[in-house]
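Colleague: Mind looking over this structure? Questions follow.
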Amino acid sequence: MFSEEPSGLVAVTGATGALGSRVAARLAERGVPMALVARDPSRLPALAGAEHRGPAGYGDAAAMRSALEGARTLFLVSGGLSPRRFEEHACAIDAAVACGVRYIVYVSLVGAAEDATFAHSRDHWQTEQYLAASPVRWTVLRPSIYASMLTARADEQGVIRGPAGDGRFAAVDHDDIADVAAEVLAPGPSSPRDVDAAILEITGPEAVTMGEAAEQLTRATGRHYVYEPESVEDAIAWRSRTDDPHEVERWVSWFQAIAKGEFGSLTDVVPAFTGHRALTIAESVARRQAQG
Ligand SMILES: NC(=O)c1ccc[n+]([C@@H]2O[C@H](COP(=O)([O-])OP(=O)(O)OC[C@H]3O[C@@H](n4cnc5c(N)ncnc54)[C@H](OP(=O)(O)O)[C@@H]3O)[C@@H](O)[C@H]2O)c1
């Protein structure tokens, strides 16, 4: 917690998506006044105390400045995959600074680094650096791999094929990330902690191999999932038959980053900030299934 709280209007981006919507709902429950900023405001959720702002994409400086007017805090969800993703994030940060925002919480990714194997981890690292050099207070949230995205890595037969080797990762549930984000943005009186210039790695409760993850997916869904390790060369060869070079690089480097341990962080940030334990992959996937 800061010695001098940046109270006031909280601008929340990404609230048409899975993470931002969860964070916005939690802040609404806490009575936090919000400006929900979107490219298509008609898709924003109706929440108590929340204004709808936009249309504003991160790369549109004028639209972002207009959307962030009056905000004192910005929750900045990283944007979709784009070759200009860092520039778009930088544009959103500049707009926030110009509007008098005092505190930015950016959602990055575990393993963000200048020389990261996964290309988008490098975008995140650049954004983190840009934010740290800006005149505002900041906190970086680095979630691990989303547990919800693992089934999408499987083919129709439930086979997850890729060069992940025996690398471990501690996939995390969206609700757990949102619970931590809400504690950072609107800390309760019982959870004072210093998040100024902090990088919080938000992970699940255990670091598993892709084979162990596939077993958990099978248990949670009743559908058979299996991991078949392959070489980098084989992965590039079969992905290149259907995908463009950027998508091939994205797919293969994600698995390679796992193999190299770049997504391997395992932390107690979820229990430390929320008071509850983090969901396993099986629990997370079962929860999503139950929600339909
Ligand atoms: N940790 C991981 O494993 C992992 C996996 C996938 C993605 N991610 C990153 O985490 C972010 C949030 O995850 P999520 O599950 O909430 O994703 P999501 O459901 O796809 O939501 C993404 C949100 O960001 C908004 N957005 C994307 N690009 C934008 C831009 N250029 N300008 C303004 N808004 C933009 C989207 O708005 P629209 O509704 O207008 O599209 C949407 O509200 C993703 O955007 C991505 O950067 C992380």
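Just remember, in the structure tokens the first chain shown is A, the second B, etc., residues are 1-based per chain, and ligands are 1-based in the order shown.
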Within 9 Å of ligand 1, counting only C-alpha atoms and all ligand atoms: which residues, as a ChimeraX atom specification?
Modeller: /A:13-22,37-41,43-44,55-60,76-82,85,88-89,92,107-110,120,124,142-150,171-172,174
Colleague: For stretch 114-205 of chain A against stretch 254-258 of chain A, with a cut-off of 6 Å and counting only C-alpha atoms, what is the closest atom pair and its distance in Å to one decimal for every residue that makes the cut, ordered by chain and number, as a Markdown table?
Modeller:
| residue | atom | partner | partner_atom | distance |
| --- | --- | --- | --- | --- |
| A:Thr117 | CA | A:Ala257 | CA | 5.4 |
| A:Phe118 | CA | A:Trp254 | CA | 5.3 |
| A:Gly162 | CA | A:Phe255 | CA | 6.0 |
| A:Pro163 | CA | A:Phe255 | CA | 5.3 |
| A:Ala164 | CA | A:Phe255 | CA | 4.5 |
| A:Gly167 | CA | A:Ile258 | CA | 5.1 |
Colleague: Could those residues be written to a file, using C-alpha atoms, as an mmCIF file, in the first residue's frame?
Modeller:
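This is the output file again26.cif:
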data_model
loop_
_atom_site.group_PDB
_atom_site.id
_atom_site.type_symbol
_atom_site.label_atom_id
_atom_site.label_comp_id
_atom_site.auth_asym_id
_atom_site.auth_seq_id
_atom_site.Cartn_x
_atom_site.Cartn_y
_atom_site.Cartn_z
ATOM 1 C CA THR A 117 12.176 -16.913 -26.098
ATOM 2 C CA PHE A 118 8.458 -16.132 -26.451
ATOM 3 C CA GLY A 162 4.788 -29.223 -29.095
ATOM 4 C CA PRO A 163 8.423 -28.812 -28.042
ATOM 5 C CA ALA A 164 7.756 -28.141 -24.333
ATOM 6 C CA GLY A 167 9.561 -27.820 -18.699
#
Colleague: Residues near stretch 128-130 of chain A, anyone? I mean within 9 Å using only C-alpha atoms, not counting same-chain ones fewer than 4 positions away, as a PDB file with N, CA and C atoms, in the first residue's frame.
Modeller:
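Resulting contents of around07.pdb:
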ATOM      1  N   ALA A  90       2.651   1.868 -25.038  1.00  0.00           N
ATOM      2  CA  ALA A  90       3.345   3.123 -24.708  1.00  0.00           C
ATOM      3  C   ALA A  90       2.420   4.314 -24.945  1.00  0.00           C
ATOM      4  N   ILE A  93       0.049   4.551 -22.054  1.00  0.00           N
ATOM      5  CA  ILE A  93       0.741   5.079 -20.865  1.00  0.00           C
ATOM      6  C   ILE A  93       0.937   6.588 -20.999  1.00  0.00           C
ATOM      7  N   TYR A 106      -0.096  -2.548 -14.630  1.00  0.00           N
ATOM      8  CA  TYR A 106      -0.013  -3.167 -15.967  1.00  0.00           C
ATOM      9  C   TYR A 106       0.001  -4.693 -15.848  1.00  0.00           C
ATOM     10  N   SER A 108       1.263  -7.891 -17.263  1.00  0.00           N
ATOM     11  CA  SER A 108       2.340  -8.411 -18.095  1.00  0.00           C
ATOM     12  C   SER A 108       2.237  -9.933 -18.149  1.00  0.00           C
ATOM     13  N   ALA A 112       8.592 -12.299 -18.601  1.00  0.00           N
ATOM     14  CA  ALA A 112       8.883 -11.119 -19.420  1.00  0.00           C
ATOM     15  C   ALA A 112      10.373 -10.789 -19.291  1.00  0.00           C
ATOM     16  N   ASP A 123       7.663  -8.018 -25.745  1.00  0.00           N
ATOM     17  CA  ASP A 123       6.764  -6.838 -25.748  1.00  0.00           C
ATOM     18  C   ASP A 123       6.431  -6.412 -24.325  1.00  0.00           C
ATOM     19  N   HIS A 124       6.145  -7.428 -23.492  1.00  0.00           N
ATOM     20  CA  HIS A 124       5.778  -7.123 -22.101  1.00  0.00           C
ATOM     21  C   HIS A 124       6.938  -6.453 -21.384  1.00  0.00           C
ATOM     22  N   SER A 134       8.416   6.068 -16.609  1.00  0.00           N
ATOM     23  CA  SER A 134       7.402   7.132 -16.669  1.00  0.00           C
ATOM     24  C   SER A 134       7.323   7.820 -15.300  1.00  0.00           C
ATOM     25  N   VAL A 140       3.494  -3.902 -11.560  1.00  0.00           N
ATOM     26  CA  VAL A 140       3.349  -4.845 -12.675  1.00  0.00           C
ATOM     27  C   VAL A 140       2.821  -6.167 -12.125  1.00  0.00           C
TER      28      VAL A 140
END
Colleague: Rounded to one decimal, what separation in Å do you get between atom CA of A:His224 and atom CA of A:Gln291?
Modeller: 20.7 Å
Colleague: Would you mind writing down, as a PyMOL selection string, each residue of stretch 159-292 of chain A that DSSP on the backbone assigns to alpha helix (DSSP H)?
Modeller: chain A and resi 174-185+210-221+232-240+245-259+269-274+281-291
Colleague: In Å, how far is it from atom CA of A:Ala154 to atom CA of A:Leu217?
Modeller: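 Interatomic distance, atom CA of A:Ala154 to atom CA of A:Leu217: 10.4 Å.
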Colleague: DSSP says strand (DSSP E or B) for which residues of stretch 149-275 of chain A? Put them as a ChimeraX atom specification?
Modeller: /A:154,159-162,169,172,198-202,208,226-229
Colleague: Which residues come within 8 Å of A:Thr73, counting only C-alpha atoms, excluding same-chain residues fewer than 4 positions away, as a ChimeraX atom specification?
Modeller: /A:6-11,101-105
Colleague: Nearest residue to A:Glu114 out of A:Thr127, A:Ala170, A:Val180, A:Val285, using only C-alpha atoms?
Modeller: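 That would be A:Thr127, the residue with the smallest distance to A:Glu114.
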Colleague: Using only C-alpha atoms, which residue out of A:Ala62, A:Val248, A:Ser265, A:Thr274 lies closest to A:Ala119?
Modeller: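 Closest candidate: A:Val248.
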Colleague: Closest to A:Gly188 among A:Gly158, A:Gly54, A:Gly100, A:Gly275, using only C-alpha atoms?
Modeller: A:Gly275
Colleague: Would you pick out the contacts of A:Glu206 at 9 Å or less, using only C-alpha atoms, so that residues sharing its chain but fewer than 2 positions from it are not included, and give the list as a PyMOL selection string?
Modeller: chain A and resi 169-171+203-204+208+266-267+280
Colleague: Write out the residues from the selection above, keeping N, CA, C and O atoms, as an mmCIF file, in the first residue's frame.
Modeller:
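Contents of result.cif, freshly written:
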data_model
loop_
_atom_site.group_PDB
_atom_site.id
_atom_site.type_symbol
_atom_site.label_atom_id
_atom_site.label_comp_id
_atom_site.auth_asym_id
_atom_site.auth_seq_id
_atom_site.Cartn_x
_atom_site.Cartn_y
_atom_site.Cartn_z
ATOM 1 N N PHE A 169 5.474 -25.305 -15.558
ATOM 2 C CA PHE A 169 4.796 -24.005 -15.487
ATOM 3 C C PHE A 169 3.664 -24.116 -14.476
ATOM 4 O O PHE A 169 3.120 -25.193 -14.265
ATOM 5 N N ALA A 170 3.330 -22.987 -13.867
ATOM 6 C CA ALA A 170 2.311 -22.983 -12.805
ATOM 7 C C ALA A 170 1.106 -22.183 -13.301
ATOM 8 O O ALA A 170 0.875 -21.042 -12.878
ATOM 9 N N ALA A 171 0.355 -22.793 -14.227
ATOM 10 C CA ALA A 171 -0.782 -22.093 -14.866
ATOM 11 C C ALA A 171 -1.750 -21.584 -13.806
ATOM 12 O O ALA A 171 -1.929 -22.194 -12.747
ATOM 13 N N THR A 203 0.815 -16.908 -9.842
ATOM 14 C CA THR A 203 0.871 -18.273 -10.387
ATOM 15 C C THR A 203 -0.145 -19.179 -9.697
ATOM 16 O O THR A 203 -0.691 -18.851 -8.646
ATOM 17 N N GLY A 204 -0.342 -20.333 -10.320
ATOM 18 C CA GLY A 204 -1.107 -21.393 -9.688
ATOM 19 C C GLY A 204 -0.307 -22.000 -8.543
ATOM 20 O O GLY A 204 0.803 -21.535 -8.233
ATOM 21 N N VAL A 208 3.817 -27.705 -13.080
ATOM 22 C CA VAL A 208 3.611 -29.020 -13.689
ATOM 23 C C VAL A 208 4.256 -29.076 -15.074
ATOM 24 O O VAL A 208 4.498 -28.041 -15.705
ATOM 25 N N LEU A 266 6.920 -20.038 -9.591
ATOM 26 C CA LEU A 266 5.909 -20.562 -8.665
ATOM 27 C C LEU A 266 5.959 -19.669 -7.432
ATOM 28 O O LEU A 266 6.991 -19.597 -6.767
ATOM 29 N N THR A 267 4.859 -18.949 -7.169
ATOM 30 C CA THR A 267 4.863 -17.992 -6.056
ATOM 31 C C THR A 267 3.652 -18.205 -5.153
ATOM 32 O O THR A 267 2.719 -18.934 -5.503
ATOM 33 N N THR A 280 -5.822 -25.178 -8.848
ATOM 34 C CA THR A 280 -4.998 -25.998 -9.751
ATOM 35 C C THR A 280 -5.589 -25.895 -11.166
ATOM 36 O O THR A 280 -6.708 -25.380 -11.359
#
Colleague: Do you have the atom CA of A:Gly261-atom CA of A:Arg193 distance handy?
Modeller: 28.9 Å
